[in-house]
Amino acid sequence: MSGRKKRTAILISGRGSNMTAILKAARDPDYPAEIALVLANNADAKGLATAANEGIKTAHVDHRPFKGDREAFDAEIQKVLEANDIELVVLAGFMRILTASFVERWTDRMLNIHPSLLPSFKGLHTYERAIEAGCRLSGCTVHFVRADMDSGPIICQAAVPVIDGDDADSLSARILVAEHQIYPQALALVAGDRVTVDGMRVTIRHDEPVDGSVQLVN
Ligand code: GAR
């Protein structure tokens, strides 16, 4: 690959399957990001053990001693990120709300994945709400993080069908497959300096022409 790999931290709270997908992609010598740190807010996050087994440096910043002082919790995370010379932050199922000042510091350098086609269904219970609304398509979105939750400029999205009879479990499983595809791709685009952000619009420099054909689902 041309250029230096970007030192990247992945922040998790639990299972860490998106983290695992990114770790796998990052094994490619041409992948433009190096996963230099995996940080969790709870010591028993399954993903923390997975990362450690893969030989990735891990850190644990417990939110509980901060007793709701989010500024102080975020300052501690910032300290760990700086100590590890982190350049990009990837939120992968990190279930703490970050303060506006922390988010500001990482403008256009912090990514999140959300299990809906934003701007529809921000927040929680995305699968139930998409099914309840009668959507024929749902999916996932990787976006830059802004202070308002699930609201930042969109880097990549993938759509999956909502199938008659779906429940939250079946739909979330289908969306998760798509998450594992687009999150490593989105990080590669950002780490490879292929995106520019203008307001809410992200422009991507592609090597190949983009397929503009209409795809019908259901
Ligand atoms: C993923 O489905 C991700 O989209 C979701 O949490 C899950 C984490 O799974 N994130 C959010 O809902 C954030 N609003 P993972 O730990 O297996 O990657």
# chains A, B, ... in the order shown; residues from 1 in each chain; ligands from 1
>>> residues_around(residues="A:Thr126", least_positions_apart="2", cutoff="12 Å", atoms="only C-alpha atoms", output="PyMOL selection string")
chain A and resi 114-124+128-133+135+138-141+150+167-169+171-172+175
>>> closest_atom_pairs(of="stretch 160-181 of chain A", to="stretch 83-94 of chain A", cutoff="12 Å", atoms="only C-alpha atoms", output="Markdown table")
| residue | atom | partner | partner_atom | distance |
| --- | --- | --- | --- | --- |
| A:Leu176 | CA | A:Gly93 | CA | 11.6 |
| A:Glu179 | CA | A:Ala92 | CA | 10.1 |
| A:His180 | CA | A:Ala92 | CA | 10.6 |
>>> residues_around(residues="A:Asp44", least_positions_apart="3", cutoff="9 Å", atoms="only C-alpha atoms", output="VMD selection string")
chain A and resid 13 to 14 40 47 to 49
>>> write_last_selection(atoms="C-alpha atoms", output="compact mmCIF listing (two decimals), in the first residue's frame")
# COMPACT_ATOMS: atom_id res chain seq x y z
CA SER A 13 -19.00 -2.64 24.80
CA GLY A 14 -19.85 -6.25 24.07
CA ALA A 40 -13.94 -1.42 26.17
CA GLY A 47 -14.69 -8.63 22.11
CA LEU A 48 -11.92 -7.64 24.53
CA ALA A 49 -10.87 -11.28 24.94
>>> select_by_dssp(residues="stretch 125-183 of chain A", states="strand (DSSP E or B)", output="VMD selection string")
chain A and resid 137 to 144 154 to 161
>>> closest_residue(among="A:Met110, A:Ala178, A:Val103, A:Val61", to="ligand 1", atoms="only C-alpha atoms and all ligand atoms")
A:Ala178
>>> atom_distance(atom1="atom CA of A:Ala188", atom2="atom CA of A:Ala26")
8.9 Å
>>> select_by_dssp(residues="stretch 150-209 of chain A", states="helix (DSSP H, G or I)", output="list in words")
Ala168, Asp169, Ser170, Leu171, Ser172, Ala173, Arg174, Ile175, Leu176, Val177, Ala178, Glu179, His180, Gln181, Ile182, Tyr183, Pro184, Gln185, Ala186, Leu187, Ala188, Leu189, Val190 and Ala191 of chain A
>>> write_last_selection(atoms="N, CA, C and O atoms", output="CSV table (one decimal), in the first residue's frame")
chain,number,residue,atom,x,y,z
A,168,ALA,N,-37.3,-9.3,15.1
A,168,ALA,CA,-36.0,-8.5,15.3
A,168,ALA,C,-34.8,-9.4,15.2
A,168,ALA,O,-33.8,-9.0,14.7
A,169,ASP,N,-34.9,-10.7,15.6
A,169,ASP,CA,-33.7,-11.6,15.6
A,169,ASP,C,-33.3,-11.9,14.2
A,169,ASP,O,-32.2,-11.8,13.8
A,170,SER,N,-34.3,-12.2,13.3
A,170,SER,CA,-34.0,-12.6,12.0
A,170,SER,C,-33.5,-11.4,11.2
A,170,SER,O,-32.5,-11.5,10.4
A,171,LEU,N,-34.1,-10.3,11.4
A,171,LEU,CA,-33.7,-9.1,10.7
A,171,LEU,C,-32.3,-8.6,11.1
A,171,LEU,O,-31.4,-8.3,10.3
A,172,SER,N,-32.1,-8.7,12.4
A,172,SER,CA,-30.8,-8.2,12.9
A,172,SER,C,-29.6,-9.1,12.4
A,172,SER,O,-28.6,-8.6,12.1
A,173,ALA,N,-29.9,-10.4,12.3
A,173,ALA,CA,-28.9,-11.3,11.8
A,173,ALA,C,-28.6,-11.0,10.4
A,173,ALA,O,-27.4,-11.0,10.0
A,174,ARG,N,-29.6,-10.7,9.6
A,174,ARG,CA,-29.4,-10.4,8.2
A,174,ARG,C,-28.6,-9.0,8.1
A,174,ARG,O,-27.7,-8.9,7.3
A,175,ILE,N,-29.0,-8.1,8.9
A,175,ILE,CA,-28.3,-6.8,8.8
A,175,ILE,C,-26.8,-6.9,9.3
A,175,ILE,O,-25.9,-6.3,8.7
A,176,LEU,N,-26.6,-7.8,10.3
A,176,LEU,CA,-25.2,-8.0,10.8
A,176,LEU,C,-24.2,-8.4,9.7
A,176,LEU,O,-23.1,-8.0,9.7
A,177,VAL,N,-24.7,-9.3,8.9
A,177,VAL,CA,-23.9,-9.8,7.7
A,177,VAL,C,-23.4,-8.6,6.9
A,177,VAL,O,-22.3,-8.5,6.5
A,178,ALA,N,-24.4,-7.7,6.7
A,178,ALA,CA,-24.0,-6.5,5.9
A,178,ALA,C,-23.1,-5.6,6.6
A,178,ALA,O,-22.2,-5.0,6.1
A,179,GLU,N,-23.3,-5.5,8.0
A,179,GLU,CA,-22.4,-4.6,8.8
A,179,GLU,C,-21.0,-5.1,8.6
A,179,GLU,O,-20.1,-4.2,8.5
A,180,HIS,N,-20.8,-6.4,8.7
A,180,HIS,CA,-19.4,-6.9,8.6
A,180,HIS,C,-18.8,-6.7,7.3
A,180,HIS,O,-17.6,-6.7,7.2
A,181,GLN,N,-19.6,-6.4,6.3
A,181,GLN,CA,-19.0,-6.1,4.9
A,181,GLN,C,-18.7,-4.6,4.9
A,181,GLN,O,-17.6,-4.2,4.4
A,182,ILE,N,-19.6,-3.7,5.3
A,182,ILE,CA,-19.4,-2.3,5.0
A,182,ILE,C,-18.5,-1.6,6.0
A,182,ILE,O,-17.9,-0.6,5.7
A,183,TYR,N,-18.4,-2.1,7.3
A,183,TYR,CA,-17.6,-1.4,8.2
A,183,TYR,C,-16.1,-1.4,7.8
A,183,TYR,O,-15.4,-0.4,7.8
A,184,PRO,N,-15.6,-2.6,7.5
A,184,PRO,CA,-14.2,-2.6,7.0
A,184,PRO,C,-14.0,-1.8,5.8
A,184,PRO,O,-12.9,-1.1,5.7
A,185,GLN,N,-15.0,-1.8,4.9
A,185,GLN,CA,-14.8,-1.0,3.7
A,185,GLN,C,-14.8,0.5,4.0
A,185,GLN,O,-14.0,1.3,3.5
A,186,ALA,N,-15.7,0.9,4.9
A,186,ALA,CA,-15.8,2.4,5.2
A,186,ALA,C,-14.5,2.8,5.9
A,186,ALA,O,-14.0,3.9,5.6
A,187,LEU,N,-14.0,2.0,6.8
A,187,LEU,CA,-12.8,2.4,7.5
A,187,LEU,C,-11.6,2.5,6.5
A,187,LEU,O,-10.8,3.4,6.5
A,188,ALA,N,-11.6,1.6,5.5
A,188,ALA,CA,-10.5,1.6,4.5
A,188,ALA,C,-10.6,2.9,3.7
A,188,ALA,O,-9.6,3.5,3.3
A,189,LEU,N,-11.8,3.3,3.4
A,189,LEU,CA,-12.0,4.6,2.6
A,189,LEU,C,-11.5,5.8,3.4
A,189,LEU,O,-10.8,6.6,2.8
A,190,VAL,N,-11.8,5.8,4.7
A,190,VAL,CA,-11.4,7.0,5.5
A,190,VAL,C,-9.9,6.9,5.7
A,190,VAL,O,-9.2,7.9,5.5
A,191,ALA,N,-9.4,5.7,6.1
A,191,ALA,CA,-7.9,5.6,6.4
A,191,ALA,C,-7.1,5.8,5.2
A,191,ALA,O,-6.0,6.3,5.3
>>> residues_around(residues="A:Ile155", least_positions_apart="3", cutoff="7 Å", atoms="only C-alpha atoms", output="JSON list (two decimals) with N, CA, C and O atoms, in the first residue's frame")
[["chain", "number", "residue", "atom", "x", "y", "z"],
["A", 142, "VAL", "N", -22.71, 3.34, 8.06],
["A", 142, "VAL", "CA", -21.48, 3.80, 8.72],
["A", 142, "VAL", "C", -21.40, 5.30, 8.48],
["A", 142, "VAL", "O", -21.52, 5.77, 7.34],
["A", 143, "HIS", "N", -21.22, 6.04, 9.56],
["A", 143, "HIS", "CA", -21.21, 7.51, 9.44],
["A", 143, "HIS", "C", -20.16, 8.11, 10.36],
["A", 143, "HIS", "O", -19.72, 7.48, 11.32],
["A", 186, "ALA", "N", -15.71, 0.93, 4.86],
["A", 186, "ALA", "CA", -15.79, 2.35, 5.21],
["A", 186, "ALA", "C", -14.51, 2.82, 5.89],
["A", 186, "ALA", "O", -13.98, 3.89, 5.58],
["A", 202, "VAL", "N", -20.70, 13.23, 2.03],
["A", 202, "VAL", "CA", -19.37, 12.62, 1.92],
["A", 202, "VAL", "C", -19.16, 12.27, 0.46],
["A", 202, "VAL", "O", -20.01, 11.64, -0.17]]
>>> closest_residue(among="A:Arg70, A:Arg96, A:Arg27, A:Lys6", to="ligand 1", atoms="only C-alpha atoms and all ligand atoms")
A:Arg96
>>> closest_residue(among="A:Ala75, A:Ala52, A:Met149, A:Ala33", to="ligand 1", atoms="only C-alpha atoms and all ligand atoms")
A:Met149
>>> residues_around(residues="A:Ala100", least_positions_apart="4", cutoff="8 Å", atoms="only C-alpha atoms", output="PDB file with N, CA, C and O atoms, in the first residue's frame")
ATOM      1  N   GLU A 104     -16.283  16.504  19.173  1.00  0.00           N
ATOM      2  CA  GLU A 104     -15.700  17.621  18.410  1.00  0.00           C
ATOM      3  C   GLU A 104     -14.219  17.392  18.112  1.00  0.00           C
ATOM      4  O   GLU A 104     -13.745  17.628  17.011  1.00  0.00           O
ATOM      5  N   ARG A 146     -21.183  12.798  15.040  1.00  0.00           N
ATOM      6  CA  ARG A 146     -21.431  14.186  15.421  1.00  0.00           C
ATOM      7  C   ARG A 146     -22.085  14.169  16.804  1.00  0.00           C
ATOM      8  O   ARG A 146     -22.523  13.115  17.273  1.00  0.00           O
ATOM      9  N   ALA A 147     -22.187  15.363  17.415  1.00  0.00           N
ATOM     10  CA  ALA A 147     -22.692  15.411  18.794  1.00  0.00           C
ATOM     11  C   ALA A 147     -24.112  14.852  18.899  1.00  0.00           C
ATOM     12  O   ALA A 147     -24.449  14.181  19.874  1.00  0.00           O
TER      13      ALA A 147
END
>>> residues_around(residues="A:Pro153", least_positions_apart="3", cutoff="8 Å", atoms="only C-alpha atoms", output="list in words")
His143, Phe144, Val145, Val197, Gly199, Met200, Arg201 and Val202 of chain A
>>> closest_residue(among="A:Ala9, A:Pro65, A:Gly165, A:Ile204", to="A:Leu81", atoms="only C-alpha atoms")
A:Ala9
>>> closest_residue(among="A:Ile22, A:Lys5, A:Leu11, A:Gly16", to="A:Lys46", atoms="only C-alpha atoms")
A:Gly16
>>> atom_distance(atom1="atom CA of A:Arg15", atom2="atom 13 (C, counted along the ligand's line) of ligand 1")
12.6 Å
>>> atom_distance(atom1="atom CA of A:Arg64", atom2="atom CA of A:Glu76")
12.5 Å
>>> closest_residue(among="A:Leu37, A:Ala72, A:Met95, A:Ala51", to="ligand 1", atoms="only C-alpha atoms and all ligand atoms")
A:Met95
>>> residues_around(residues="A:Leu216", least_positions_apart="6", cutoff="12 Å", atoms="only C-alpha atoms", output="list in words")
Arg136, Leu137, Ala159, Val160 and Pro161 of chain A
>>> decode(residues="stretch 18-54 of chain A", atoms="N, CA, C and O atoms", output="short mmCIF file (atom, residue, chain, number, x, y, z; two decimals), in the first residue's frame")
data_model
loop_
_atom_site.label_atom_id
_atom_site.label_comp_id
_atom_site.auth_asym_id
_atom_site.auth_seq_id
_atom_site.Cartn_x
_atom_site.Cartn_y
_atom_site.Cartn_z
N ASN A 18 -18.32 -6.76 14.84
CA ASN A 18 -17.82 -5.79 13.85
C ASN A 18 -16.32 -5.57 14.02
O ASN A 18 -15.58 -5.47 13.04
N MET A 19 -15.90 -5.51 15.26
CA MET A 19 -14.46 -5.41 15.53
C MET A 19 -13.71 -6.57 14.89
O MET A 19 -12.67 -6.38 14.23
N THR A 20 -14.26 -7.79 15.06
CA THR A 20 -13.61 -8.97 14.49
C THR A 20 -13.52 -8.87 12.98
O THR A 20 -12.49 -9.22 12.38
N ALA A 21 -14.59 -8.37 12.35
CA ALA A 21 -14.58 -8.22 10.88
C ALA A 21 -13.49 -7.23 10.46
O ALA A 21 -12.80 -7.44 9.46
N ILE A 22 -13.33 -6.17 11.24
CA ILE A 22 -12.30 -5.17 10.89
C ILE A 22 -10.90 -5.75 11.14
O ILE A 22 -9.99 -5.55 10.32
N LEU A 23 -10.73 -6.47 12.23
CA LEU A 23 -9.42 -7.07 12.51
C LEU A 23 -9.02 -8.00 11.36
O LEU A 23 -7.86 -8.03 10.94
N LYS A 24 -10.01 -8.74 10.87
CA LYS A 24 -9.74 -9.67 9.76
C LYS A 24 -9.29 -8.90 8.52
O LYS A 24 -8.30 -9.25 7.88
N ALA A 25 -10.04 -7.85 8.19
CA ALA A 25 -9.69 -7.05 7.00
C ALA A 25 -8.31 -6.41 7.16
O ALA A 25 -7.54 -6.31 6.20
N ALA A 26 -7.99 -6.02 8.38
CA ALA A 26 -6.74 -5.29 8.63
C ALA A 26 -5.51 -6.20 8.55
O ALA A 26 -4.37 -5.71 8.58
N ARG A 27 -5.75 -7.52 8.44
CA ARG A 27 -4.61 -8.43 8.27
C ARG A 27 -4.00 -8.29 6.87
O ARG A 27 -2.86 -8.68 6.64
N ASP A 28 -4.79 -7.76 5.94
CA ASP A 28 -4.28 -7.56 4.58
C ASP A 28 -3.18 -6.50 4.60
O ASP A 28 -3.42 -5.39 5.11
N PRO A 29 -2.00 -6.81 4.09
CA PRO A 29 -0.91 -5.83 4.12
C PRO A 29 -1.28 -4.52 3.43
O PRO A 29 -0.71 -3.48 3.76
N ASP A 30 -2.25 -4.56 2.51
CA ASP A 30 -2.63 -3.34 1.80
C ASP A 30 -3.72 -2.54 2.51
O ASP A 30 -4.13 -1.48 2.04
N TYR A 31 -4.23 -3.07 3.62
CA TYR A 31 -5.30 -2.35 4.33
C TYR A 31 -4.71 -1.08 4.96
O TYR A 31 -3.66 -1.14 5.62
N PRO A 32 -5.36 0.07 4.76
CA PRO A 32 -4.71 1.33 5.16
C PRO A 32 -4.81 1.69 6.65
O PRO A 32 -4.29 2.72 7.05
N ALA A 33 -5.48 0.85 7.44
CA ALA A 33 -5.56 1.12 8.89
C ALA A 33 -4.90 -0.02 9.66
O ALA A 33 -5.01 -1.19 9.28
N GLU A 34 -4.23 0.38 10.74
CA GLU A 34 -3.64 -0.61 11.65
C GLU A 34 -4.44 -0.53 12.95
O GLU A 34 -4.61 0.57 13.50
N ILE A 35 -4.95 -1.66 13.43
CA ILE A 35 -5.72 -1.61 14.68
C ILE A 35 -4.72 -1.65 15.84
O ILE A 35 -4.19 -2.69 16.20
N ALA A 36 -4.50 -0.46 16.38
CA ALA A 36 -3.46 -0.32 17.41
C ALA A 36 -4.00 -0.53 18.81
O ALA A 36 -3.23 -0.72 19.76
N LEU A 37 -5.34 -0.49 18.95
CA LEU A 37 -5.93 -0.58 20.29
C LEU A 37 -7.40 -0.98 20.19
O LEU A 37 -8.11 -0.50 19.30
N VAL A 38 -7.82 -1.85 21.10
CA VAL A 38 -9.25 -2.10 21.30
C VAL A 38 -9.56 -1.71 22.73
O VAL A 38 -8.91 -2.17 23.67
N LEU A 39 -10.54 -0.81 22.90
CA LEU A 39 -10.86 -0.30 24.22
C LEU A 39 -12.32 -0.63 24.54
O LEU A 39 -13.20 -0.44 23.69
N ALA A 40 -12.57 -1.12 25.75
CA ALA A 40 -13.94 -1.42 26.17
C ALA A 40 -14.24 -0.70 27.47
O ALA A 40 -13.34 -0.41 28.27
N ASN A 41 -15.52 -0.42 27.69
CA ASN A 41 -15.92 0.21 28.94
C ASN A 41 -16.32 -0.83 29.99
O ASN A 41 -16.58 -0.47 31.12
N ASN A 42 -16.39 -2.08 29.58
CA ASN A 42 -16.65 -3.13 30.58
C ASN A 42 -15.68 -4.30 30.38
O ASN A 42 -15.48 -4.75 29.24
N ALA A 43 -15.13 -4.75 31.46
CA ALA A 43 -14.05 -5.73 31.40
C ALA A 43 -14.50 -7.05 30.80
O ALA A 43 -13.70 -7.78 30.23
N ASP A 44 -15.81 -7.38 30.94
CA ASP A 44 -16.26 -8.68 30.44
C ASP A 44 -16.78 -8.62 29.01
O ASP A 44 -17.40 -9.58 28.53
N ALA A 45 -16.53 -7.52 28.30
CA ALA A 45 -16.91 -7.46 26.88
C ALA A 45 -16.22 -8.60 26.15
O ALA A 45 -14.99 -8.73 26.21
N LYS A 46 -17.02 -9.43 25.48
CA LYS A 46 -16.47 -10.61 24.82
C LYS A 46 -15.40 -10.21 23.80
O LYS A 46 -14.38 -10.90 23.64
N GLY A 47 -15.62 -9.10 23.13
CA GLY A 47 -14.69 -8.63 22.11
C GLY A 47 -13.30 -8.32 22.64
O GLY A 47 -12.32 -8.38 21.90
N LEU A 48 -13.22 -7.98 23.93
CA LEU A 48 -11.92 -7.64 24.53
C LEU A 48 -11.03 -8.89 24.55
O LEU A 48 -9.84 -8.82 24.21
N ALA A 49 -11.63 -10.02 24.92
CA ALA A 49 -10.87 -11.28 24.94
C ALA A 49 -10.50 -11.69 23.52
O ALA A 49 -9.37 -12.15 23.27
N THR A 50 -11.43 -11.50 22.58
CA THR A 50 -11.14 -11.85 21.18
C THR A 50 -9.93 -11.05 20.70
O THR A 50 -9.01 -11.61 20.08
N ALA A 51 -9.93 -9.74 20.97
CA ALA A 51 -8.84 -8.89 20.50
C ALA A 51 -7.52 -9.30 21.15
O ALA A 51 -6.48 -9.40 20.47
N ALA A 52 -7.56 -9.57 22.45
CA ALA A 52 -6.33 -9.97 23.16
C ALA A 52 -5.78 -11.27 22.56
O ALA A 52 -4.57 -11.40 22.35
N ASN A 53 -6.68 -12.21 22.25
CA ASN A 53 -6.25 -13.48 21.63
C ASN A 53 -5.61 -13.27 20.27
O ASN A 53 -4.79 -14.07 19.83
N GLU A 54 -6.02 -12.19 19.61
CA GLU A 54 -5.46 -11.87 18.28
C GLU A 54 -4.15 -11.10 18.40
O GLU A 54 -3.59 -10.66 17.40
#
